[in-house]
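This is upload.txt (compact mmCIF, N, CA and C atoms).
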```
# COMPACT_ATOMS: atom_id res chain seq x y z
N MET W 270 0.84 -1.17 0.00
CA MET W 270 0.00 0.00 0.00
C MET W 270 0.89 1.23 0.00
N THR W 271 0.53 2.21 -0.78
CA THR W 271 1.25 3.46 -0.84
C THR W 271 0.27 4.59 -0.58
N ILE W 272 0.61 5.48 0.35
CA ILE W 272 -0.21 6.66 0.63
C ILE W 272 0.64 7.87 0.31
N THR W 273 0.12 8.73 -0.55
CA THR W 273 0.80 9.96 -0.92
C THR W 273 -0.17 11.12 -0.66
N PRO W 274 0.29 12.37 -0.75
CA PRO W 274 -0.65 13.49 -0.61
C PRO W 274 -1.79 13.44 -1.63
N ASP W 275 -1.57 12.74 -2.74
CA ASP W 275 -2.60 12.66 -3.78
C ASP W 275 -3.57 11.52 -3.59
N GLY W 276 -3.17 10.47 -2.86
CA GLY W 276 -4.10 9.37 -2.70
C GLY W 276 -3.46 8.09 -2.22
N PHE W 277 -4.22 7.02 -2.37
CA PHE W 277 -3.89 5.70 -1.86
C PHE W 277 -3.84 4.73 -3.03
N ARG W 278 -2.86 3.83 -3.01
CA ARG W 278 -2.75 2.80 -4.03
C ARG W 278 -2.36 1.50 -3.36
N GLY W 279 -3.08 0.45 -3.69
CA GLY W 279 -2.74 -0.89 -3.24
C GLY W 279 -2.39 -1.72 -4.45
N LYS W 280 -1.23 -2.37 -4.42
CA LYS W 280 -0.75 -3.10 -5.60
C LYS W 280 -0.66 -4.59 -5.31
N ASP W 281 -0.70 -5.37 -6.38
CA ASP W 281 -0.46 -6.81 -6.25
C ASP W 281 1.04 -7.07 -6.29
N GLY W 282 1.44 -8.31 -6.22
CA GLY W 282 2.86 -8.65 -6.23
C GLY W 282 3.57 -8.32 -7.52
N GLU W 283 2.83 -8.04 -8.57
CA GLU W 283 3.42 -7.71 -9.87
C GLU W 283 3.53 -6.19 -10.09
N GLY W 284 3.05 -5.40 -9.14
CA GLY W 284 3.10 -3.95 -9.28
C GLY W 284 1.86 -3.35 -9.93
N ASN W 285 0.82 -4.15 -10.15
CA ASN W 285 -0.41 -3.65 -10.75
C ASN W 285 -1.34 -3.09 -9.67
N ASP W 286 -2.01 -1.99 -9.99
CA ASP W 286 -2.96 -1.42 -9.04
C ASP W 286 -4.13 -2.37 -8.83
N LEU W 287 -4.49 -2.57 -7.56
CA LEU W 287 -5.68 -3.33 -7.21
C LEU W 287 -6.78 -2.40 -6.71
N VAL W 288 -6.38 -1.43 -5.88
CA VAL W 288 -7.31 -0.48 -5.29
C VAL W 288 -6.66 0.89 -5.33
N VAL W 289 -7.45 1.91 -5.67
CA VAL W 289 -6.97 3.29 -5.66
C VAL W 289 -7.99 4.15 -4.95
N GLY W 290 -7.56 5.30 -4.45
CA GLY W 290 -8.50 6.19 -3.81
C GLY W 290 -7.85 7.49 -3.39
N GLU W 291 -8.70 8.49 -3.21
CA GLU W 291 -8.27 9.80 -2.77
C GLU W 291 -7.91 9.74 -1.28
N LEU W 292 -6.92 10.50 -0.86
CA LEU W 292 -6.57 10.62 0.54
C LEU W 292 -7.38 11.78 1.12
N PHE W 293 -8.28 11.47 2.06
CA PHE W 293 -9.14 12.49 2.65
C PHE W 293 -8.57 13.06 3.94
N GLU W 294 -7.96 12.20 4.75
CA GLU W 294 -7.44 12.65 6.04
C GLU W 294 -6.32 11.70 6.49
N LEU W 295 -5.27 12.29 7.03
CA LEU W 295 -4.15 11.50 7.56
C LEU W 295 -3.70 12.17 8.86
N ASP W 296 -3.88 11.47 9.98
CA ASP W 296 -3.50 11.97 11.29
C ASP W 296 -2.80 10.85 12.04
N PRO W 297 -1.52 10.55 11.65
CA PRO W 297 -0.81 9.42 12.27
C PRO W 297 -0.61 9.67 13.77
N PRO W 298 -0.68 8.69 14.57
CA PRO W 298 -1.06 7.30 14.29
C PRO W 298 -2.53 7.03 14.60
N ARG W 299 -3.34 8.07 14.64
CA ARG W 299 -4.72 7.91 15.09
C ARG W 299 -5.75 7.66 14.01
N ARG W 300 -5.60 8.28 12.86
CA ARG W 300 -6.72 8.25 11.90
C ARG W 300 -6.21 8.32 10.47
N LEU W 301 -6.83 7.49 9.63
CA LEU W 301 -6.58 7.49 8.19
C LEU W 301 -7.93 7.35 7.51
N VAL W 302 -8.22 8.26 6.58
CA VAL W 302 -9.46 8.20 5.80
C VAL W 302 -9.07 8.29 4.33
N HIS W 303 -9.46 7.27 3.57
CA HIS W 303 -9.10 7.26 2.15
C HIS W 303 -10.25 6.72 1.31
N GLY W 304 -10.22 7.07 0.05
CA GLY W 304 -11.19 6.53 -0.89
C GLY W 304 -10.84 5.09 -1.24
N TRP W 305 -11.82 4.41 -1.84
CA TRP W 305 -11.63 3.00 -2.21
C TRP W 305 -12.35 2.75 -3.53
N ARG W 306 -11.57 2.42 -4.53
CA ARG W 306 -12.14 2.00 -5.81
C ARG W 306 -11.34 0.80 -6.27
N ALA W 307 -12.00 -0.35 -6.33
CA ALA W 307 -11.33 -1.60 -6.71
C ALA W 307 -11.20 -1.63 -8.23
N VAL W 308 -9.97 -1.49 -8.72
CA VAL W 308 -9.74 -1.41 -10.16
C VAL W 308 -9.33 -2.75 -10.76
N TYR W 309 -9.28 -3.81 -9.94
CA TYR W 309 -8.93 -5.14 -10.44
C TYR W 309 -10.07 -5.78 -11.22
N ASP W 310 -11.27 -5.21 -11.11
CA ASP W 310 -12.44 -5.73 -11.80
C ASP W 310 -13.11 -4.59 -12.57
N PRO W 311 -13.41 -4.77 -13.86
CA PRO W 311 -13.98 -3.68 -14.65
C PRO W 311 -15.30 -3.14 -14.08
N GLU W 312 -16.12 -4.00 -13.49
CA GLU W 312 -17.41 -3.54 -12.96
C GLU W 312 -17.22 -2.67 -11.72
N THR W 313 -16.34 -3.07 -10.80
CA THR W 313 -16.11 -2.25 -9.62
C THR W 313 -15.29 -1.00 -9.97
N ALA W 314 -14.44 -1.10 -10.96
CA ALA W 314 -13.64 0.06 -11.38
C ALA W 314 -14.53 1.16 -11.94
N ALA W 315 -15.68 0.80 -12.49
CA ALA W 315 -16.59 1.78 -13.08
C ALA W 315 -17.47 2.48 -12.03
N GLU W 316 -17.49 1.96 -10.82
CA GLU W 316 -18.33 2.54 -9.77
C GLU W 316 -17.68 3.77 -9.14
N GLU W 317 -18.51 4.53 -8.41
CA GLU W 317 -17.99 5.68 -7.67
C GLU W 317 -17.12 5.20 -6.52
N GLU W 318 -16.19 6.03 -6.12
CA GLU W 318 -15.29 5.73 -5.03
C GLU W 318 -16.06 5.68 -3.71
N SER W 319 -15.81 4.66 -2.90
CA SER W 319 -16.37 4.60 -1.55
C SER W 319 -15.30 5.13 -0.59
N ARG W 320 -15.53 4.99 0.73
CA ARG W 320 -14.59 5.57 1.69
C ARG W 320 -14.30 4.57 2.81
N VAL W 321 -13.03 4.53 3.24
CA VAL W 321 -12.61 3.68 4.35
C VAL W 321 -11.98 4.55 5.41
N THR W 322 -12.44 4.39 6.66
CA THR W 322 -11.90 5.14 7.80
C THR W 322 -11.29 4.15 8.78
N TRP W 323 -10.03 4.39 9.13
CA TRP W 323 -9.30 3.59 10.13
C TRP W 323 -9.06 4.50 11.32
N GLU W 324 -9.51 4.07 12.51
CA GLU W 324 -9.27 4.85 13.73
C GLU W 324 -8.61 3.95 14.77
N ILE W 325 -7.54 4.45 15.38
CA ILE W 325 -6.82 3.71 16.42
C ILE W 325 -6.95 4.51 17.71
N GLU W 326 -7.44 3.82 18.76
CA GLU W 326 -7.60 4.46 20.06
C GLU W 326 -6.84 3.65 21.11
N ALA W 327 -5.98 4.34 21.87
CA ALA W 327 -5.27 3.68 22.96
C ALA W 327 -6.27 3.25 24.03
N GLN W 328 -6.03 2.08 24.60
CA GLN W 328 -6.87 1.54 25.66
C GLN W 328 -5.98 1.24 26.87
N ASP W 329 -6.61 1.01 28.00
CA ASP W 329 -5.85 0.62 29.20
C ASP W 329 -5.12 -0.69 28.94
N GLY W 330 -4.01 -0.88 29.61
CA GLY W 330 -3.28 -2.14 29.50
C GLY W 330 -2.33 -2.19 28.33
N GLY W 331 -2.06 -1.05 27.70
CA GLY W 331 -1.08 -1.02 26.61
C GLY W 331 -1.58 -1.60 25.30
N VAL W 332 -2.88 -1.67 25.12
CA VAL W 332 -3.43 -2.18 23.86
C VAL W 332 -4.17 -1.06 23.15
N CYS W 333 -4.52 -1.30 21.90
CA CYS W 333 -5.25 -0.32 21.11
C CYS W 333 -6.52 -0.95 20.53
N ARG W 334 -7.48 -0.10 20.27
CA ARG W 334 -8.70 -0.53 19.58
C ARG W 334 -8.64 0.03 18.16
N LEU W 335 -8.83 -0.83 17.19
CA LEU W 335 -8.89 -0.43 15.78
C LEU W 335 -10.33 -0.53 15.32
N THR W 336 -10.84 0.57 14.78
CA THR W 336 -12.17 0.58 14.19
C THR W 336 -12.01 0.89 12.71
N VAL W 337 -12.59 0.04 11.86
CA VAL W 337 -12.56 0.24 10.42
C VAL W 337 -14.00 0.36 9.93
N VAL W 338 -14.28 1.46 9.23
CA VAL W 338 -15.61 1.69 8.67
C VAL W 338 -15.46 1.90 7.17
N HIS W 339 -16.17 1.09 6.39
CA HIS W 339 -16.19 1.24 4.93
C HIS W 339 -17.60 1.70 4.57
N ASP W 340 -17.72 2.97 4.13
CA ASP W 340 -19.03 3.53 3.85
C ASP W 340 -19.05 4.20 2.47
N ARG W 341 -20.09 4.97 2.22
CA ARG W 341 -20.35 5.57 0.91
C ARG W 341 -20.44 4.49 -0.17
N LEU W 342 -21.13 3.42 0.15
CA LEU W 342 -21.25 2.28 -0.76
C LEU W 342 -22.55 2.27 -1.55
N ASP W 343 -23.42 3.25 -1.33
CA ASP W 343 -24.70 3.28 -2.06
C ASP W 343 -24.50 3.34 -3.56
N ALA W 344 -23.50 4.08 -4.00
CA ALA W 344 -23.23 4.21 -5.44
C ALA W 344 -22.22 3.18 -5.93
N ALA W 345 -21.91 2.22 -5.08
CA ALA W 345 -20.92 1.19 -5.43
C ALA W 345 -21.42 -0.19 -4.95
N PRO W 346 -22.55 -0.65 -5.47
CA PRO W 346 -23.13 -1.91 -4.97
C PRO W 346 -22.26 -3.15 -5.25
N LYS W 347 -21.58 -3.18 -6.36
CA LYS W 347 -20.72 -4.34 -6.66
C LYS W 347 -19.51 -4.34 -5.73
N THR W 348 -18.98 -3.17 -5.43
CA THR W 348 -17.89 -3.06 -4.48
C THR W 348 -18.36 -3.55 -3.11
N ALA W 349 -19.56 -3.14 -2.69
CA ALA W 349 -20.09 -3.55 -1.39
C ALA W 349 -20.14 -5.07 -1.29
N LEU W 350 -20.57 -5.73 -2.35
CA LEU W 350 -20.64 -7.19 -2.34
C LEU W 350 -19.24 -7.82 -2.34
N SER W 351 -18.32 -7.23 -3.09
CA SER W 351 -17.00 -7.85 -3.22
C SER W 351 -16.14 -7.68 -1.97
N VAL W 352 -16.33 -6.60 -1.20
CA VAL W 352 -15.48 -6.39 -0.03
C VAL W 352 -16.07 -6.97 1.24
N ALA W 353 -17.31 -7.41 1.20
CA ALA W 353 -17.98 -7.89 2.41
C ALA W 353 -17.18 -8.97 3.13
N GLY W 354 -16.65 -9.92 2.41
CA GLY W 354 -15.86 -10.98 3.03
C GLY W 354 -14.38 -10.65 3.11
N GLY W 355 -13.94 -9.70 2.34
CA GLY W 355 -12.52 -9.39 2.29
C GLY W 355 -11.97 -8.70 3.52
N TRP W 356 -12.78 -7.89 4.19
CA TRP W 356 -12.27 -7.18 5.36
C TRP W 356 -11.90 -8.13 6.49
N SER W 357 -12.60 -9.24 6.64
CA SER W 357 -12.24 -10.22 7.68
C SER W 357 -10.82 -10.73 7.43
N TYR W 358 -10.51 -11.01 6.18
CA TYR W 358 -9.18 -11.50 5.82
C TYR W 358 -8.11 -10.43 6.07
N VAL W 359 -8.40 -9.20 5.69
CA VAL W 359 -7.44 -8.10 5.88
C VAL W 359 -7.16 -7.89 7.36
N LEU W 360 -8.20 -7.83 8.16
CA LEU W 360 -8.03 -7.58 9.59
C LEU W 360 -7.37 -8.76 10.31
N SER W 361 -7.68 -9.96 9.88
CA SER W 361 -7.02 -11.13 10.44
C SER W 361 -5.53 -11.10 10.13
N GLY W 362 -5.20 -10.74 8.90
CA GLY W 362 -3.80 -10.63 8.51
C GLY W 362 -3.07 -9.55 9.28
N LEU W 363 -3.73 -8.43 9.51
CA LEU W 363 -3.12 -7.35 10.28
C LEU W 363 -2.88 -7.80 11.72
N LYS W 364 -3.84 -8.49 12.32
CA LYS W 364 -3.69 -9.00 13.68
C LYS W 364 -2.50 -9.96 13.77
N THR W 365 -2.39 -10.86 12.82
CA THR W 365 -1.27 -11.80 12.81
C THR W 365 0.06 -11.07 12.69
N LEU W 366 0.14 -10.11 11.80
CA LEU W 366 1.37 -9.35 11.62
C LEU W 366 1.77 -8.62 12.91
N LEU W 367 0.81 -7.99 13.55
CA LEU W 367 1.11 -7.24 14.78
C LEU W 367 1.51 -8.17 15.93
N GLU W 368 0.90 -9.33 15.99
CA GLU W 368 1.19 -10.25 17.09
C GLU W 368 2.46 -11.07 16.91
N THR W 369 2.78 -11.38 15.65
CA THR W 369 3.92 -12.29 15.41
C THR W 369 5.08 -11.63 14.68
N GLY W 370 4.82 -10.50 14.02
CA GLY W 370 5.85 -9.87 13.21
C GLY W 370 5.96 -10.49 11.83
N ARG W 371 5.10 -11.47 11.54
CA ARG W 371 5.11 -12.13 10.23
C ARG W 371 3.74 -12.03 9.58
N PRO W 372 3.70 -11.80 8.28
CA PRO W 372 2.39 -11.74 7.60
C PRO W 372 1.79 -13.12 7.42
N LEU W 373 0.48 -13.15 7.21
CA LEU W 373 -0.18 -14.38 6.82
C LEU W 373 0.34 -14.78 5.45
N THR W 374 0.38 -16.05 5.16
CA THR W 374 0.76 -16.51 3.83
C THR W 374 -0.50 -16.88 3.06
N ASP W 375 -0.37 -16.95 1.76
CA ASP W 375 -1.53 -17.31 0.92
C ASP W 375 -1.91 -18.75 1.16
```
Rewrite the structure of this file - the entire thing - as structure tokens.
Amino acid sequence: MTITPDGFRGKDGEGNDLVVGELFELDPPRRLVHGWRAVYDPETAAEEESRVTWEIEAQDGGVCRLTVVHDRLDAAPKTALSVAGGWSYVLSGLKTLLETGRPLTD
């Protein structure tokens, strides 16, 4: 994933864009808000950009709470269907990376 002042890009292992989006807000390490348009599929690529908000809140005991909200999906129904199961995989992978220092494998 690459975040620049112009936006967000997620690439596959070959360097091809999978997801692109506008960068709406960046407040490290607390908040990231970016657009989401899945360009790996022609139908989702044609839809309007949705929005993903990541919020990290410190909790007692030295842990953090991560809240992820993917909204503005009314104009992106195919995207809504395609990402419904994907976020579980993304968040599971993030949890594994944070706990072990190693990413999930395919």
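Comparing W:Ser319, W:Thr374, W:Thr273, W:Ser361 by their smallest distance to W:Ala344, the closest is W:Ser319 (using only C-alpha atoms).
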Strand (DSSP E or B) call set, DSSP backbone run, chain W, as an MDAnalysis selection string:
chainID W and resid 271:273 276:280 286:290 292:296 300:307 319:328 332:340
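Nearest residue to W:Phe293 among W:Glu324, W:Gly276, W:Tyr358, W:Arg341 is W:Gly276, counting all atoms listed in the file.
Taking atom C of W:Glu318 as the reference point, atom C of W:Gly354 is found at 17.8 Å.
For the residues W:Ala314, W:Ile325, W:Gly279, W:Asp286, ranking by smallest atom-to-atom distance to W:Leu301 using only N, CA and C atoms places W:Ile325 first.
Our summary of the geometry notes that atom CA of W:Asp310 is positioned 25.1 Å from atom CA of W:Pro372.
The neighbours of W:Trp356 here are the residues that come within 12 Å of it, using only C-alpha atoms and leaving out any residue fewer than 3 positions away in the same chain; they are Val321, Thr336, Val337, Val338, His339, Ala349, Leu350, Ser351, Val352, Ala353, Val359, Leu360, Ser361, Gly362 and Leu363 of chain W.
Taking atom CA of W:Leu295 and atom C of W:Thr271 as endpoints, the distance between them is 11.6 Å.
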Enumerate the residues of stretch 272-373 of chain W with a DSSP assignment of alpha helix (DSSP H), computed from the backbone, and present them as an NGL selection string.
:W and (311-314 or 346-352 or 355-369)
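With distances taken over all atoms listed in the file, W:Ala345 is the one residue among W:Ala345, W:Leu373, W:Leu367, W:Ile272 lying closest to W:Thr313.
Those residues that approach W:Tyr309 to within 8 Å, counting all atoms listed in the file, are Asn285, Asp286, Leu287, Val288, Val289, Arg306, Ala307, Pro311, Glu312, Thr313 and Ala314 of chain W; same-chain residues fewer than 2 positions away are not listed.
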Missing atoms in stretch 323-342 of chain W need filling: write out N, CA, C and O atoms for it as a PDB file, in the coordinates of the input.
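Just written: out-v3.pdb:
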```
ATOM      1  N   TRP W 323     -10.030   4.390   9.130  1.00  0.00           N
ATOM      2  CA  TRP W 323      -9.300   3.590  10.130  1.00  0.00           C
ATOM      3  C   TRP W 323      -9.060   4.500  11.320  1.00  0.00           C
ATOM      4  O   TRP W 323      -8.486   5.570  11.176  1.00  0.00           O
ATOM      5  N   GLU W 324      -9.510   4.070  12.510  1.00  0.00           N
ATOM      6  CA  GLU W 324      -9.270   4.850  13.730  1.00  0.00           C
ATOM      7  C   GLU W 324      -8.610   3.950  14.770  1.00  0.00           C
ATOM      8  O   GLU W 324      -9.080   2.836  15.003  1.00  0.00           O
ATOM      9  N   ILE W 325      -7.540   4.450  15.380  1.00  0.00           N
ATOM     10  CA  ILE W 325      -6.820   3.710  16.420  1.00  0.00           C
ATOM     11  C   ILE W 325      -6.950   4.510  17.710  1.00  0.00           C
ATOM     12  O   ILE W 325      -6.618   5.697  17.749  1.00  0.00           O
ATOM     13  N   GLU W 326      -7.440   3.820  18.760  1.00  0.00           N
ATOM     14  CA  GLU W 326      -7.600   4.460  20.060  1.00  0.00           C
ATOM     15  C   GLU W 326      -6.840   3.650  21.110  1.00  0.00           C
ATOM     16  O   GLU W 326      -7.041   2.442  21.225  1.00  0.00           O
ATOM     17  N   ALA W 327      -5.980   4.340  21.870  1.00  0.00           N
ATOM     18  CA  ALA W 327      -5.270   3.680  22.960  1.00  0.00           C
ATOM     19  C   ALA W 327      -6.270   3.250  24.030  1.00  0.00           C
ATOM     20  O   ALA W 327      -7.243   3.964  24.315  1.00  0.00           O
ATOM     21  N   GLN W 328      -6.030   2.080  24.600  1.00  0.00           N
ATOM     22  CA  GLN W 328      -6.870   1.540  25.660  1.00  0.00           C
ATOM     23  C   GLN W 328      -5.980   1.240  26.870  1.00  0.00           C
ATOM     24  O   GLN W 328      -4.765   1.183  26.762  1.00  0.00           O
ATOM     25  N   ASP W 329      -6.610   1.010  28.000  1.00  0.00           N
ATOM     26  CA  ASP W 329      -5.850   0.620  29.200  1.00  0.00           C
ATOM     27  C   ASP W 329      -5.120  -0.690  28.940  1.00  0.00           C
ATOM     28  O   ASP W 329      -5.566  -1.521  28.150  1.00  0.00           O
ATOM     29  N   GLY W 330      -4.010  -0.880  29.610  1.00  0.00           N
ATOM     30  CA  GLY W 330      -3.280  -2.140  29.500  1.00  0.00           C
ATOM     31  C   GLY W 330      -2.330  -2.190  28.330  1.00  0.00           C
ATOM     32  O   GLY W 330      -1.831  -3.255  27.974  1.00  0.00           O
ATOM     33  N   GLY W 331      -2.060  -1.050  27.700  1.00  0.00           N
ATOM     34  CA  GLY W 331      -1.080  -1.020  26.610  1.00  0.00           C
ATOM     35  C   GLY W 331      -1.580  -1.600  25.300  1.00  0.00           C
ATOM     36  O   GLY W 331      -0.768  -2.006  24.468  1.00  0.00           O
ATOM     37  N   VAL W 332      -2.880  -1.670  25.120  1.00  0.00           N
ATOM     38  CA  VAL W 332      -3.430  -2.180  23.860  1.00  0.00           C
ATOM     39  C   VAL W 332      -4.170  -1.060  23.150  1.00  0.00           C
ATOM     40  O   VAL W 332      -4.396   0.010  23.716  1.00  0.00           O
ATOM     41  N   CYS W 333      -4.520  -1.300  21.900  1.00  0.00           N
ATOM     42  CA  CYS W 333      -5.250  -0.320  21.110  1.00  0.00           C
ATOM     43  C   CYS W 333      -6.520  -0.950  20.530  1.00  0.00           C
ATOM     44  O   CYS W 333      -6.575  -2.151  20.322  1.00  0.00           O
ATOM     45  N   ARG W 334      -7.480  -0.100  20.270  1.00  0.00           N
ATOM     46  CA  ARG W 334      -8.700  -0.530  19.580  1.00  0.00           C
ATOM     47  C   ARG W 334      -8.640   0.030  18.160  1.00  0.00           C
ATOM     48  O   ARG W 334      -8.420   1.221  17.958  1.00  0.00           O
ATOM     49  N   LEU W 335      -8.830  -0.830  17.190  1.00  0.00           N
ATOM     50  CA  LEU W 335      -8.890  -0.430  15.780  1.00  0.00           C
ATOM     51  C   LEU W 335     -10.330  -0.530  15.320  1.00  0.00           C
ATOM     52  O   LEU W 335     -10.969  -1.572  15.462  1.00  0.00           O
ATOM     53  N   THR W 336     -10.840   0.570  14.780  1.00  0.00           N
ATOM     54  CA  THR W 336     -12.170   0.580  14.190  1.00  0.00           C
ATOM     55  C   THR W 336     -12.010   0.890  12.710  1.00  0.00           C
ATOM     56  O   THR W 336     -11.368   1.872  12.338  1.00  0.00           O
ATOM     57  N   VAL W 337     -12.590   0.040  11.860  1.00  0.00           N
ATOM     58  CA  VAL W 337     -12.560   0.240  10.420  1.00  0.00           C
ATOM     59  C   VAL W 337     -14.000   0.360   9.930  1.00  0.00           C
ATOM     60  O   VAL W 337     -14.820  -0.514  10.184  1.00  0.00           O
ATOM     61  N   VAL W 338     -14.280   1.460   9.230  1.00  0.00           N
ATOM     62  CA  VAL W 338     -15.610   1.690   8.670  1.00  0.00           C
ATOM     63  C   VAL W 338     -15.460   1.900   7.170  1.00  0.00           C
ATOM     64  O   VAL W 338     -14.700   2.752   6.730  1.00  0.00           O
ATOM     65  N   HIS W 339     -16.170   1.090   6.390  1.00  0.00           N
ATOM     66  CA  HIS W 339     -16.190   1.240   4.930  1.00  0.00           C
ATOM     67  C   HIS W 339     -17.600   1.700   4.570  1.00  0.00           C
ATOM     68  O   HIS W 339     -18.560   0.959   4.707  1.00  0.00           O
ATOM     69  N   ASP W 340     -17.720   2.970   4.130  1.00  0.00           N
ATOM     70  CA  ASP W 340     -19.030   3.530   3.850  1.00  0.00           C
ATOM     71  C   ASP W 340     -19.050   4.200   2.470  1.00  0.00           C
ATOM     72  O   ASP W 340     -18.140   3.993   1.674  1.00  0.00           O
ATOM     73  N   ARG W 341     -20.090   4.970   2.220  1.00  0.00           N
ATOM     74  CA  ARG W 341     -20.350   5.570   0.910  1.00  0.00           C
ATOM     75  C   ARG W 341     -20.440   4.490  -0.170  1.00  0.00           C
ATOM     76  O   ARG W 341     -19.898   4.635  -1.265  1.00  0.00           O
ATOM     77  N   LEU W 342     -21.130   3.420   0.150  1.00  0.00           N
ATOM     78  CA  LEU W 342     -21.250   2.280  -0.760  1.00  0.00           C
ATOM     79  C   LEU W 342     -22.550   2.270  -1.550  1.00  0.00           C
ATOM     80  O   LEU W 342     -22.755   1.381  -2.377  1.00  0.00           O
TER      81      LEU W 342
END
```
